[in-house]
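Heads up, the thing below is written out as structure tokens.
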Amino acid sequence: MAEYFQGIKPIKYEGSDTRNPLAFKHYNPDEVVLGKTMAEHLRFAVCYWHTFKNLGADQFGGNTIIRNYNASSDAMETANMTMDAAFEFFTKLGVNFWCFHDRDIAPEADSLSETNKRLDKLVQKAKKLQADTGVKLLWGTTNAFSHRRFMAGAGTNPSPKVFAYAASQIKKAMEITKELGGQGYVFWGGREGYDTLLNTDMKKELDHMALLLQMAVDYKKKIGFKGQLYIEPKPKEPTKHQYDFDAGSCFAFLQKYNLLDHFKMNVEANHATLAGHDFCHELAFCVANGILGSVDANRGDMLLGWDTDQFPTNIYEATLAMYIILKGGGFTTGGLNFDAHVRRQSIDHVDIFYAHIGAMDVFARGLKSAARMIKDKVLENAINERYKGWAGELGSKIENRKVGFEELESYIFEHGEPELQSGRQELLENLLNDYI
Ligand code: XUL
Ligand code: CO
């Protein structure tokens with residue numbers, strides 16, 4: 001079989017002193033941290049769309065990146081070569097998982113049935129490559145946002161015929177995700193939103209979006225797909241406003257439409273910042289509400305207001321993120337999927353290795369620091385101290401609804417002004433830095 005990443009050997013852990021840029025300094029897959037290996041904690045996944053299909057085009061210019069597996073004028077031959085290259089990459093990098101959209105792996109044909117036949121060919125190939133390499137599918141998904149038929153949305157489209165098309169595509173994508181043993185299935189509502197209220201029936205669109213998800217839940221049961229369903233929040237882009245704005249609005253939506261038992265969140269760092277939150281806020285909200293599922297690990301740029309999908313490099317953020325994830329019980333079906341692409345000037349094949357190695361090392365460092373913080377109970381002790389009043393008599397009376405407004409008023413008349421305490425933010429920031 002052709003080798004696409006020639007000259008690159010499997011990436012090994014060499015420790016923090018190595019100067020080899022094609023080695024891990026911190027990610028040591030078999031090293032045990034808090035009772036599990038780093039590989040089991042972090043569950044790294046490579047995404048197909050950015051890593052193999054993104055060729056550097058942006059709003060102002062076309063492709064800059066030339067790939068040796070993208071070399072055939074025959075679309076199916078290119079799809080086959082791309083998949084061989086992808087599994088070579090997963091294996092050399094040493095990740096255990098991958099993620100894909102249906103349209104990433106097989107090109108669309110003139111009809112849905114023809115497209116599905118093409119997809120089946122590539123799915124059989126992926127099945128064999130998964131068996132040969134041991135690489136597993138973290139999640140599958142549908143691209144129901146790129147084709148012009150979806151310009152006004154998929155589930156939220158004003159036309160029931162487009163809704164039906166999206167449903168058919170999701171049906172097939174769920175089948176192939178099951179066929180490949182996928183541990184999850186993601187819904188990212190790429191165009192499930194609006195550009196102008198002047199042409200939008202918002203209530204109808206929200207109801208229809210829920211209907212599509214309810215049908216997906218029914219079909220999941222019908223085919224016996226055991227994977228976890230996820231919603232991936234994003235506030236805008238491509239539409240002006242997306243209904244899955246952030247974890248909070250998704251949580252409300254799932255409750256309203258009785259879908260909460262069936263979905264968890266796939267939190268993407270860059271989507272969090274677009275929503276005016278930070279990554280850790282979204283993670284903490286999900287943990288607090290029992291809906292953290294998986295993570296799209298990437299970052300935006302402080303000065304650019306769009307979804308730049310850059311590889312994560314911020315050790316501070318990765319530490320706090322891993323702390324929140326570990327405190328939330330860690331990943332079960334989910335993992336850290338690098339929904340990120342190299343910059344358009346990073347045109348060499350080796351650049352996608354550098355990008356992933358750096359990102360994996362960042363999260364490995366984050367994991368190790370977070371584990372030490374958990375062992376030493378640094379934040380836990382400080383937080384317990386801050387809320388300790390709630391363990392006392394007054395606190396437990398309030399929490400157990402033993403008192404109402406009148407009793408609380410009498411309490412204050414009797415005891416007077418509450419004593420105040422420092423929030424200790426600066427001290428805690430210093431402590432966090434000590435662990436990084
Ligand atoms: C888009 C995005 C998607 C989803 C999957 O911003 O993040 O790639 O992760 O459809
Ligand atoms: Co994403």
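Scheme for the structure tokens: letters A, B, ... for chains in order shown; per-chain residue numbers from 1; ligand numbers from 1 in order shown.
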
For this session: Could you give me, as a PyMOL selection string, every polymer residue with an atom at most 8 Å away from an atom of ligand 2, counting only C-alpha atoms and all ligand atoms?
Result: chain A and resi 188+232+266-268+271+296+339

Write as an mmCIF file with all heavy atoms, in the first residue's frame the residues around ligand 1, taking 9 Å as the cut-off and counting only C-alpha atoms and all ligand atoms.
```cif
data_model
loop_
_atom_site.group_PDB
_atom_site.id
_atom_site.type_symbol
_atom_site.label_atom_id
_atom_site.label_comp_id
_atom_site.auth_asym_id
_atom_site.auth_seq_id
_atom_site.Cartn_x
_atom_site.Cartn_y
_atom_site.Cartn_z
ATOM 1 N N CYS A 47 -10.220 14.598 13.576
ATOM 2 C CA CYS A 47 -11.403 14.818 12.727
ATOM 3 C C CYS A 47 -11.009 14.776 11.263
ATOM 4 O O CYS A 47 -9.954 15.260 10.871
ATOM 5 C CB CYS A 47 -12.129 16.105 13.110
ATOM 6 S SG CYS A 47 -11.473 17.600 12.371
ATOM 7 N N TRP A 49 -12.708 15.989 8.588
ATOM 8 C CA TRP A 49 -13.003 17.124 7.705
ATOM 9 C C TRP A 49 -11.883 18.142 7.659
ATOM 10 O O TRP A 49 -11.476 18.571 6.574
ATOM 11 C CB TRP A 49 -14.356 17.762 8.053
ATOM 12 C CG TRP A 49 -14.570 18.168 9.488
ATOM 13 C CD1 TRP A 49 -14.506 19.423 9.994
ATOM 14 C CD2 TRP A 49 -14.930 17.316 10.586
ATOM 15 N NE1 TRP A 49 -14.788 19.412 11.338
ATOM 16 C CE2 TRP A 49 -15.052 18.138 11.732
ATOM 17 C CE3 TRP A 49 -15.153 15.947 10.727
ATOM 18 C CZ2 TRP A 49 -15.389 17.643 12.998
ATOM 19 C CZ3 TRP A 49 -15.484 15.452 11.978
ATOM 20 C CH2 TRP A 49 -15.601 16.288 13.085
ATOM 21 N N HIS A 50 -11.364 18.520 8.825
ATOM 22 C CA HIS A 50 -10.305 19.529 8.806
ATOM 23 C C HIS A 50 -8.963 18.910 8.431
ATOM 24 O O HIS A 50 -8.240 19.435 7.600
ATOM 25 C CB HIS A 50 -10.143 20.163 10.191
ATOM 26 C CG HIS A 50 -11.203 21.159 10.522
ATOM 27 N ND1 HIS A 50 -11.667 22.080 9.613
ATOM 28 C CD2 HIS A 50 -11.883 21.400 11.662
ATOM 29 C CE1 HIS A 50 -12.574 22.841 10.194
ATOM 30 N NE2 HIS A 50 -12.735 22.442 11.434
ATOM 31 N N CYS A 99 -13.328 10.869 13.908
ATOM 32 C CA CYS A 99 -14.697 11.366 13.757
ATOM 33 C C CYS A 99 -14.885 11.800 12.308
ATOM 34 O O CYS A 99 -13.930 12.268 11.679
ATOM 35 C CB CYS A 99 -14.937 12.606 14.618
ATOM 36 S SG CYS A 99 -14.760 12.359 16.391
ATOM 37 N N PHE A 100 -16.094 11.655 11.780
ATOM 38 C CA PHE A 100 -16.316 12.088 10.385
ATOM 39 C C PHE A 100 -17.761 12.493 10.139
ATOM 40 O O PHE A 100 -18.666 12.082 10.863
ATOM 41 C CB PHE A 100 -15.911 10.971 9.406
ATOM 42 C CG PHE A 100 -16.895 9.812 9.351
ATOM 43 C CD1 PHE A 100 -17.806 9.702 8.301
ATOM 44 C CD2 PHE A 100 -16.914 8.837 10.342
ATOM 45 C CE1 PHE A 100 -18.715 8.644 8.245
ATOM 46 C CE2 PHE A 100 -17.818 7.778 10.303
ATOM 47 C CZ PHE A 100 -18.719 7.674 9.252
ATOM 48 N N HIS A 101 -17.969 13.315 9.104
ATOM 49 C CA HIS A 101 -19.303 13.554 8.537
ATOM 50 C C HIS A 101 -19.453 12.599 7.352
ATOM 51 O O HIS A 101 -18.480 12.325 6.648
ATOM 52 C CB HIS A 101 -19.450 14.951 7.923
ATOM 53 C CG HIS A 101 -19.256 16.111 8.840
ATOM 54 N ND1 HIS A 101 -18.018 16.618 9.140
ATOM 55 C CD2 HIS A 101 -20.153 16.900 9.473
ATOM 56 C CE1 HIS A 101 -18.168 17.675 9.938
ATOM 57 N NE2 HIS A 101 -19.449 17.867 10.155
ATOM 58 N N GLY A 140 -19.937 9.724 14.651
ATOM 59 C CA GLY A 140 -20.238 10.056 13.266
ATOM 60 C C GLY A 140 -21.230 11.211 13.246
ATOM 61 O O GLY A 140 -21.830 11.549 14.266
ATOM 62 N N THR A 141 -21.410 11.815 12.082
ATOM 63 C CA THR A 141 -22.378 12.902 11.960
ATOM 64 C C THR A 141 -22.762 13.099 10.492
ATOM 65 O O THR A 141 -22.192 12.472 9.609
ATOM 66 C CB THR A 141 -21.840 14.210 12.584
ATOM 67 O OG1 THR A 141 -22.876 15.192 12.600
ATOM 68 C CG2 THR A 141 -20.653 14.771 11.822
ATOM 69 N N THR A 142 -23.736 13.956 10.287
ATOM 70 C CA THR A 142 -24.218 14.252 8.938
ATOM 71 C C THR A 142 -23.818 15.664 8.555
ATOM 72 O O THR A 142 -23.960 16.572 9.377
ATOM 73 C CB THR A 142 -25.762 14.210 8.916
ATOM 74 O OG1 THR A 142 -26.184 12.977 9.468
ATOM 75 C CG2 THR A 142 -26.308 14.343 7.520
ATOM 76 N N ASN A 143 -23.389 15.840 7.341
ATOM 77 C CA ASN A 143 -23.224 17.200 6.844
ATOM 78 C C ASN A 143 -24.521 17.589 6.148
ATOM 79 O O ASN A 143 -24.756 17.237 4.992
ATOM 80 C CB ASN A 143 -22.036 17.294 5.884
ATOM 81 C CG ASN A 143 -21.865 18.712 5.349
ATOM 82 O OD1 ASN A 143 -22.826 19.491 5.291
ATOM 83 N ND2 ASN A 143 -20.653 19.058 4.946
ATOM 84 N N ALA A 144 -25.386 18.296 6.881
ATOM 85 C CA ALA A 144 -26.638 18.798 6.289
ATOM 86 C C ALA A 144 -26.587 20.326 6.316
ATOM 87 O O ALA A 144 -27.530 20.987 6.756
ATOM 88 C CB ALA A 144 -27.831 18.253 7.069
ATOM 89 N N PHE A 145 -25.428 20.859 5.880
ATOM 90 C CA PHE A 145 -25.289 22.313 5.854
ATOM 91 C C PHE A 145 -24.484 22.836 4.669
ATOM 92 O O PHE A 145 -24.571 24.006 4.329
ATOM 93 C CB PHE A 145 -24.650 22.827 7.163
ATOM 94 C CG PHE A 145 -23.453 22.020 7.622
ATOM 95 C CD1 PHE A 145 -22.183 22.292 7.134
ATOM 96 C CD2 PHE A 145 -23.611 20.977 8.538
ATOM 97 C CE1 PHE A 145 -21.082 21.545 7.539
ATOM 98 C CE2 PHE A 145 -22.514 20.223 8.950
ATOM 99 C CZ PHE A 145 -21.255 20.510 8.457
ATOM 100 N N VAL A 186 -23.229 12.936 16.542
ATOM 101 C CA VAL A 186 -23.343 14.374 16.836
ATOM 102 C C VAL A 186 -24.358 15.058 15.919
ATOM 103 O O VAL A 186 -24.431 14.774 14.718
ATOM 104 C CB VAL A 186 -21.962 15.065 16.679
ATOM 105 C CG1 VAL A 186 -22.088 16.584 16.559
ATOM 106 C CG2 VAL A 186 -21.065 14.732 17.869
ATOM 107 N N PHE A 187 -25.139 15.967 16.521
ATOM 108 C CA PHE A 187 -25.972 16.882 15.755
ATOM 109 C C PHE A 187 -25.400 18.281 15.933
ATOM 110 O O PHE A 187 -25.446 18.827 17.048
ATOM 111 C CB PHE A 187 -27.423 16.879 16.276
ATOM 112 C CG PHE A 187 -28.152 15.614 15.944
ATOM 113 C CD1 PHE A 187 -28.013 14.491 16.749
ATOM 114 C CD2 PHE A 187 -28.975 15.548 14.832
ATOM 115 C CE1 PHE A 187 -28.681 13.314 16.440
ATOM 116 C CE2 PHE A 187 -29.650 14.379 14.520
ATOM 117 C CZ PHE A 187 -29.499 13.259 15.327
ATOM 118 N N TRP A 188 -24.821 18.806 14.878
ATOM 119 C CA TRP A 188 -24.449 20.224 14.899
ATOM 120 C C TRP A 188 -25.366 20.922 13.891
ATOM 121 O O TRP A 188 -25.366 20.585 12.704
ATOM 122 C CB TRP A 188 -22.978 20.442 14.513
ATOM 123 C CG TRP A 188 -22.710 21.904 14.336
ATOM 124 C CD1 TRP A 188 -22.881 22.877 15.281
ATOM 125 C CD2 TRP A 188 -22.310 22.578 13.142
ATOM 126 N NE1 TRP A 188 -22.602 24.113 14.743
ATOM 127 C CE2 TRP A 188 -22.251 23.956 13.443
ATOM 128 C CE3 TRP A 188 -21.993 22.158 11.844
ATOM 129 C CZ2 TRP A 188 -21.897 24.917 12.498
ATOM 130 C CZ3 TRP A 188 -21.642 23.107 10.905
ATOM 131 C CH2 TRP A 188 -21.592 24.474 11.232
ATOM 132 N N GLY A 189 -26.159 21.837 14.379
ATOM 133 C CA GLY A 189 -27.164 22.487 13.525
ATOM 134 C C GLY A 189 -26.563 23.593 12.699
ATOM 135 O O GLY A 189 -26.830 24.771 12.927
ATOM 136 N N GLY A 190 -25.762 23.206 11.724
ATOM 137 C CA GLY A 190 -25.008 24.169 10.916
ATOM 138 C C GLY A 190 -25.821 25.337 10.384
ATOM 139 O O GLY A 190 -25.378 26.478 10.435
ATOM 140 N N GLU A 232 -24.168 19.737 19.519
ATOM 141 C CA GLU A 232 -22.992 20.605 19.611
ATOM 142 C C GLU A 232 -23.438 22.054 19.518
ATOM 143 O O GLU A 232 -23.802 22.538 18.442
ATOM 144 C CB GLU A 232 -22.011 20.264 18.482
ATOM 145 C CG GLU A 232 -20.724 21.065 18.565
ATOM 146 C CD GLU A 232 -19.712 20.656 17.513
ATOM 147 O OE1 GLU A 232 -19.591 19.444 17.205
ATOM 148 O OE2 GLU A 232 -19.041 21.554 16.979
ATOM 149 N N PRO A 233 -23.448 22.778 20.641
ATOM 150 C CA PRO A 233 -23.919 24.169 20.603
ATOM 151 C C PRO A 233 -22.970 25.087 19.825
ATOM 152 O O PRO A 233 -21.763 24.892 19.834
ATOM 153 C CB PRO A 233 -23.939 24.591 22.078
ATOM 154 C CG PRO A 233 -23.745 23.355 22.887
ATOM 155 C CD PRO A 233 -23.028 22.381 22.004
ATOM 156 N N LYS A 234 -23.570 26.075 19.179
ATOM 157 C CA LYS A 234 -22.797 27.142 18.518
ATOM 158 C C LYS A 234 -23.755 28.309 18.318
ATOM 159 O O LYS A 234 -24.871 28.105 17.857
ATOM 160 C CB LYS A 234 -22.248 26.656 17.170
ATOM 161 C CG LYS A 234 -21.326 27.674 16.486
ATOM 162 C CD LYS A 234 -20.708 27.111 15.202
ATOM 163 C CE LYS A 234 -19.760 28.114 14.581
ATOM 164 N NZ LYS A 234 -19.153 27.622 13.326
ATOM 165 N N GLU A 237 -22.821 31.675 12.906
ATOM 166 C CA GLU A 237 -21.863 31.233 11.900
ATOM 167 C C GLU A 237 -22.076 29.768 11.545
ATOM 168 O O GLU A 237 -21.699 28.918 12.326
ATOM 169 C CB GLU A 237 -20.411 31.469 12.383
ATOM 170 C CG GLU A 237 -19.427 31.573 11.251
ATOM 171 C CD GLU A 237 -17.983 31.414 11.703
ATOM 172 O OE1 GLU A 237 -17.620 31.802 12.811
ATOM 173 O OE2 GLU A 237 -17.246 30.870 10.895
ATOM 174 N N PRO A 238 -22.657 29.420 10.428
ATOM 175 C CA PRO A 238 -22.915 30.340 9.325
ATOM 176 C C PRO A 238 -24.151 31.248 9.472
ATOM 177 O O PRO A 238 -24.172 32.294 8.821
ATOM 178 C CB PRO A 238 -23.093 29.411 8.124
ATOM 179 C CG PRO A 238 -23.567 28.133 8.701
ATOM 180 C CD PRO A 238 -22.906 28.029 10.041
ATOM 181 N N ASN A 266 -21.848 18.081 23.081
ATOM 182 C CA ASN A 266 -20.481 18.052 22.576
ATOM 183 C C ASN A 266 -20.010 19.502 22.598
ATOM 184 O O ASN A 266 -20.408 20.304 21.754
ATOM 185 C CB ASN A 266 -20.447 17.474 21.158
ATOM 186 C CG ASN A 266 -19.037 17.425 20.604
ATOM 187 O OD1 ASN A 266 -18.094 17.108 21.329
ATOM 188 N ND2 ASN A 266 -18.868 17.747 19.329
ATOM 189 N N GLU A 268 -17.687 22.607 22.150
ATOM 190 C CA GLU A 268 -16.517 23.052 21.381
ATOM 191 C C GLU A 268 -15.991 24.368 21.957
ATOM 192 O O GLU A 268 -16.742 25.328 22.148
ATOM 193 C CB GLU A 268 -16.874 23.214 19.906
ATOM 194 C CG GLU A 268 -15.691 23.752 19.110
ATOM 195 C CD GLU A 268 -15.807 23.559 17.609
ATOM 196 O OE1 GLU A 268 -16.384 22.550 17.168
ATOM 197 O OE2 GLU A 268 -15.319 24.432 16.881
ATOM 198 N N ASN A 270 -14.101 26.835 20.745
ATOM 199 C CA ASN A 270 -14.264 28.051 19.929
ATOM 200 C C ASN A 270 -15.726 28.490 19.849
ATOM 201 O O ASN A 270 -16.031 29.672 19.760
ATOM 202 C CB ASN A 270 -13.702 27.805 18.526
ATOM 203 C CG ASN A 270 -13.296 29.066 17.773
ATOM 204 O OD1 ASN A 270 -12.588 28.985 16.778
ATOM 205 N ND2 ASN A 270 -13.723 30.229 18.216
ATOM 206 N N HIS A 271 -16.655 27.537 19.921
ATOM 207 C CA HIS A 271 -18.086 27.896 19.923
ATOM 208 C C HIS A 271 -18.455 28.586 21.238
ATOM 209 O O HIS A 271 -19.282 29.494 21.259
ATOM 210 C CB HIS A 271 -18.950 26.654 19.743
ATOM 211 C CG HIS A 271 -18.766 25.975 18.417
ATOM 212 N ND1 HIS A 271 -19.454 24.835 18.054
ATOM 213 C CD2 HIS A 271 -17.978 26.271 17.361
ATOM 214 C CE1 HIS A 271 -19.091 24.461 16.840
ATOM 215 N NE2 HIS A 271 -18.193 25.323 16.398
ATOM 216 N N ASP A 296 -15.068 19.131 21.517
ATOM 217 C CA ASP A 296 -14.301 19.490 20.321
ATOM 218 C C ASP A 296 -13.229 20.465 20.779
ATOM 219 O O ASP A 296 -13.512 21.630 21.095
ATOM 220 C CB ASP A 296 -15.206 20.127 19.249
ATOM 221 C CG ASP A 296 -15.842 19.068 18.347
ATOM 222 O OD1 ASP A 296 -15.668 17.867 18.639
ATOM 223 O OD2 ASP A 296 -16.494 19.438 17.356
ATOM 224 N N ASP A 307 -14.997 31.652 13.912
ATOM 225 C CA ASP A 307 -14.627 30.298 14.307
ATOM 226 C C ASP A 307 -13.327 29.923 13.589
ATOM 227 O O ASP A 307 -13.363 29.315 12.522
ATOM 228 C CB ASP A 307 -15.792 29.391 13.873
ATOM 229 C CG ASP A 307 -15.759 28.030 14.517
ATOM 230 O OD1 ASP A 307 -14.984 27.845 15.466
ATOM 231 O OD2 ASP A 307 -16.536 27.158 14.070
ATOM 232 N N ASP A 309 -11.054 27.849 14.509
ATOM 233 C CA ASP A 309 -10.741 26.418 14.630
ATOM 234 C C ASP A 309 -9.233 26.149 14.666
ATOM 235 O O ASP A 309 -8.717 25.339 13.888
ATOM 236 C CB ASP A 309 -11.383 25.617 13.489
ATOM 237 C CG ASP A 309 -12.873 25.403 13.694
ATOM 238 O OD1 ASP A 309 -13.329 25.417 14.855
ATOM 239 O OD2 ASP A 309 -13.589 25.206 12.685
ATOM 240 N N ASN A 337 -11.895 15.572 20.687
ATOM 241 C CA ASN A 337 -11.775 15.551 19.231
ATOM 242 C C ASN A 337 -11.169 16.868 18.768
ATOM 243 O O ASN A 337 -11.701 17.935 19.081
ATOM 244 C CB ASN A 337 -13.176 15.361 18.624
ATOM 245 C CG ASN A 337 -13.196 15.613 17.122
ATOM 246 O OD1 ASN A 337 -12.334 15.110 16.391
ATOM 247 N ND2 ASN A 337 -14.164 16.393 16.656
ATOM 248 N N ASP A 339 -11.225 19.343 16.597
ATOM 249 C CA ASP A 339 -11.970 19.998 15.508
ATOM 250 C C ASP A 339 -11.209 21.276 15.172
ATOM 251 O O ASP A 339 -11.611 22.384 15.527
ATOM 252 C CB ASP A 339 -13.409 20.291 15.976
ATOM 253 C CG ASP A 339 -14.299 20.711 14.828
ATOM 254 O OD1 ASP A 339 -13.772 20.903 13.719
ATOM 255 O OD2 ASP A 339 -15.518 20.856 15.030
ATOM 256 N N ALA A 340 -10.087 21.094 14.506
ATOM 257 C CA ALA A 340 -9.154 22.205 14.274
ATOM 258 C C ALA A 340 -8.414 21.964 12.969
ATOM 259 O O ALA A 340 -8.227 20.822 12.554
ATOM 260 C CB ALA A 340 -8.155 22.276 15.427
#
```

Exercise. Between CA of His356 in chain A and CA of Gly62 in chain A, what is the spacing in Å?
Worked result: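 For CA of Gly62 in chain A relative to CA of His356 in chain A, the distance reads 23.9 Å.
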
Exercise. Where does DSSP see strand (DSSP E or B) in range 7-74 of chain A, if you list the residues as number ranges by chain?
Worked result: A: 12-13, 23-24, 32-33, 36-37, 44-47, 58, 61

For this session: Would you list the contacts of Leu432 in chain A as a list in words, taking every protein, DNA or RNA residue within 10 Å and counting only C-alpha atoms, but skipping same-chain residues closer than 6 positions in sequence?
Result: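 The residues that qualify are Tyr316, Thr319, Leu320, Ser369, Ala370, Met373, Val378, Leu379 and Glu426 of chain A.
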
For this session: Give the answer as one residue: which of A:Met202, A:Thr18, A:Ala86, A:His281 has the shortest atom-to-atom distance to Ile324 in chain A, using only C-alpha atoms?
Result: A:His281

Please produce, as a tab-separated table, a per-residue contact table for range 175-285 of chain A versus range 125-130 of chain A (criterion: any atom at most 12 Å away, only C-alpha atoms considered), showing the nearest atom pair and its distance in Å to one decimal, sorted by chain then residue number.
```
residue	atom	partner	partner_atom	distance
A:Ile176	CA	A:Lys127	CA	9.9
A:Thr177	CA	A:Lys127	CA	10.5
A:Lys178	CA	A:Lys127	CA	11.0
A:Glu179	CA	A:Lys127	CA	8.0
A:Leu180	CA	A:Lys127	CA	5.9
A:Gly181	CA	A:Lys127	CA	8.9
A:Gly182	CA	A:Lys127	CA	10.8
```

Output N, CA, C and O atoms for every residue in that selection, as a PDB file, in the first residue's frame.
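again.pdb, written as the output of this step:
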```
ATOM      1  N   ILE A 176     -24.618   3.962   9.341  1.00  0.00           N
ATOM      2  CA  ILE A 176     -23.194   3.676   9.107  1.00  0.00           C
ATOM      3  C   ILE A 176     -22.369   3.900  10.379  1.00  0.00           C
ATOM      4  O   ILE A 176     -21.383   3.219  10.603  1.00  0.00           O
ATOM      5  N   THR A 177     -22.825   4.831  11.226  1.00  0.00           N
ATOM      6  CA  THR A 177     -22.122   5.030  12.501  1.00  0.00           C
ATOM      7  C   THR A 177     -22.245   3.757  13.337  1.00  0.00           C
ATOM      8  O   THR A 177     -21.278   3.297  13.956  1.00  0.00           O
ATOM      9  N   LYS A 178     -23.434   3.166  13.311  1.00  0.00           N
ATOM     10  CA  LYS A 178     -23.635   1.894  14.037  1.00  0.00           C
ATOM     11  C   LYS A 178     -22.751   0.793  13.427  1.00  0.00           C
ATOM     12  O   LYS A 178     -22.071   0.060  14.142  1.00  0.00           O
ATOM     13  N   GLU A 179     -22.770   0.728  12.101  1.00  0.00           N
ATOM     14  CA  GLU A 179     -21.976  -0.287  11.388  1.00  0.00           C
ATOM     15  C   GLU A 179     -20.494  -0.207  11.774  1.00  0.00           C
ATOM     16  O   GLU A 179     -19.804  -1.220  11.866  1.00  0.00           O
ATOM     17  N   LEU A 180     -20.013   1.015  12.004  1.00  0.00           N
ATOM     18  CA  LEU A 180     -18.601   1.201  12.338  1.00  0.00           C
ATOM     19  C   LEU A 180     -18.352   1.179  13.859  1.00  0.00           C
ATOM     20  O   LEU A 180     -17.262   1.505  14.313  1.00  0.00           O
ATOM     21  N   GLY A 181     -19.371   0.807  14.610  1.00  0.00           N
ATOM     22  CA  GLY A 181     -19.197   0.709  16.067  1.00  0.00           C
ATOM     23  C   GLY A 181     -19.007   2.066  16.735  1.00  0.00           C
ATOM     24  O   GLY A 181     -18.366   2.164  17.788  1.00  0.00           O
ATOM     25  N   GLY A 182     -19.549   3.126  16.131  1.00  0.00           N
ATOM     26  CA  GLY A 182     -19.387   4.485  16.677  1.00  0.00           C
ATOM     27  C   GLY A 182     -19.897   4.582  18.108  1.00  0.00           C
ATOM     28  O   GLY A 182     -20.943   4.030  18.438  1.00  0.00           O
TER      29      GLY A 182
END
```

For this session: Considering only C-alpha atoms, return as number ranges by chain whatever protein or nucleic-acid residues lie within 12 Å of range 193-201 of chain A, sequence-local ones (same chain, fewer than 5 positions apart) excluded.
Result: A: 145, 150-158, 188, 206-209, 233-245

Once you have the residues from the selection above, write them out as a CSV table (one decimal), in the first residue's frame, restricted to N, CA and C atoms.
```csv
chain,number,residue,atom,x,y,z
A,145,PHE,N,-25.4,20.9,5.9
A,145,PHE,CA,-25.3,22.3,5.9
A,145,PHE,C,-24.5,22.8,4.7
A,150,PHE,N,-29.5,22.8,1.5
A,150,PHE,CA,-29.7,23.2,2.9
A,150,PHE,C,-29.4,24.6,3.2
A,151,MET,N,-29.5,25.5,2.2
A,151,MET,CA,-29.2,26.9,2.4
A,151,MET,C,-30.1,27.5,3.5
A,152,ALA,N,-31.4,27.0,3.6
A,152,ALA,CA,-32.3,27.6,4.6
A,152,ALA,C,-32.5,26.6,5.8
A,153,GLY,N,-31.5,25.8,6.0
A,153,GLY,CA,-31.5,24.8,7.1
A,153,GLY,C,-31.9,23.4,6.7
A,154,ALA,N,-31.9,22.5,7.7
A,154,ALA,CA,-32.2,21.1,7.5
A,154,ALA,C,-33.5,20.9,8.1
A,155,GLY,N,-33.5,20.6,9.5
A,155,GLY,CA,-34.8,20.4,10.2
A,155,GLY,C,-35.6,21.7,10.3
A,156,THR,N,-35.0,22.8,10.2
A,156,THR,CA,-35.7,24.1,10.3
A,156,THR,C,-36.0,24.7,8.9
A,157,ASN,N,-35.9,23.9,7.9
A,157,ASN,CA,-36.1,24.4,6.5
A,157,ASN,C,-37.6,24.7,6.3
A,158,PRO,N,-37.9,25.8,5.6
A,158,PRO,CA,-39.3,26.1,5.3
A,158,PRO,C,-40.0,25.0,4.4
A,188,TRP,N,-24.8,18.8,14.9
A,188,TRP,CA,-24.4,20.2,14.9
A,188,TRP,C,-25.4,20.9,13.9
A,206,LEU,N,-38.4,25.9,15.5
A,206,LEU,CA,-38.0,25.2,16.8
A,206,LEU,C,-38.7,23.9,16.9
A,207,ASP,N,-40.0,23.9,16.6
A,207,ASP,CA,-40.8,22.7,16.7
A,207,ASP,C,-40.3,21.6,15.7
A,208,HIS,N,-39.9,22.1,14.6
A,208,HIS,CA,-39.5,21.1,13.5
A,208,HIS,C,-38.1,20.6,13.9
A,209,MET,N,-37.2,21.4,14.4
A,209,MET,CA,-35.9,21.0,14.8
A,209,MET,C,-36.1,19.9,15.9
A,233,PRO,N,-23.4,22.8,20.6
A,233,PRO,CA,-23.9,24.2,20.6
A,233,PRO,C,-23.0,25.1,19.8
A,234,LYS,N,-23.6,26.1,19.2
A,234,LYS,CA,-22.8,27.1,18.5
A,234,LYS,C,-23.8,28.3,18.3
A,235,PRO,N,-23.4,29.5,18.7
A,235,PRO,CA,-24.3,30.6,18.7
A,235,PRO,C,-24.6,31.2,17.3
A,236,LYS,N,-23.7,31.2,16.4
A,236,LYS,CA,-23.8,31.9,15.1
A,236,LYS,C,-22.8,31.3,14.2
A,237,GLU,N,-22.8,31.7,12.9
A,237,GLU,CA,-21.9,31.2,11.9
A,237,GLU,C,-22.1,29.8,11.5
A,238,PRO,N,-22.7,29.4,10.4
A,238,PRO,CA,-22.9,30.3,9.3
A,238,PRO,C,-24.2,31.2,9.5
A,239,THR,N,-25.2,30.9,10.2
A,239,THR,CA,-26.3,31.8,10.3
A,239,THR,C,-26.0,32.9,11.3
A,240,LYS,N,-26.8,34.0,11.2
A,240,LYS,CA,-26.7,35.1,12.1
A,240,LYS,C,-27.0,34.6,13.6
A,241,HIS,N,-28.0,33.8,13.7
A,241,HIS,CA,-28.4,33.3,15.0
A,241,HIS,C,-28.7,31.8,14.9
A,242,GLN,N,-28.0,31.0,15.7
A,242,GLN,CA,-28.3,29.5,15.7
A,242,GLN,C,-29.1,29.2,16.9
A,243,TYR,N,-30.1,28.3,16.8
A,243,TYR,CA,-30.9,28.0,17.9
A,243,TYR,C,-30.2,27.2,19.0
A,244,ASP,N,-29.2,26.4,18.6
A,244,ASP,CA,-28.4,25.7,19.7
A,244,ASP,C,-27.3,26.7,20.2
A,245,PHE,N,-27.7,27.8,20.6
A,245,PHE,CA,-26.8,28.9,20.9
A,245,PHE,C,-25.6,28.5,21.9
```
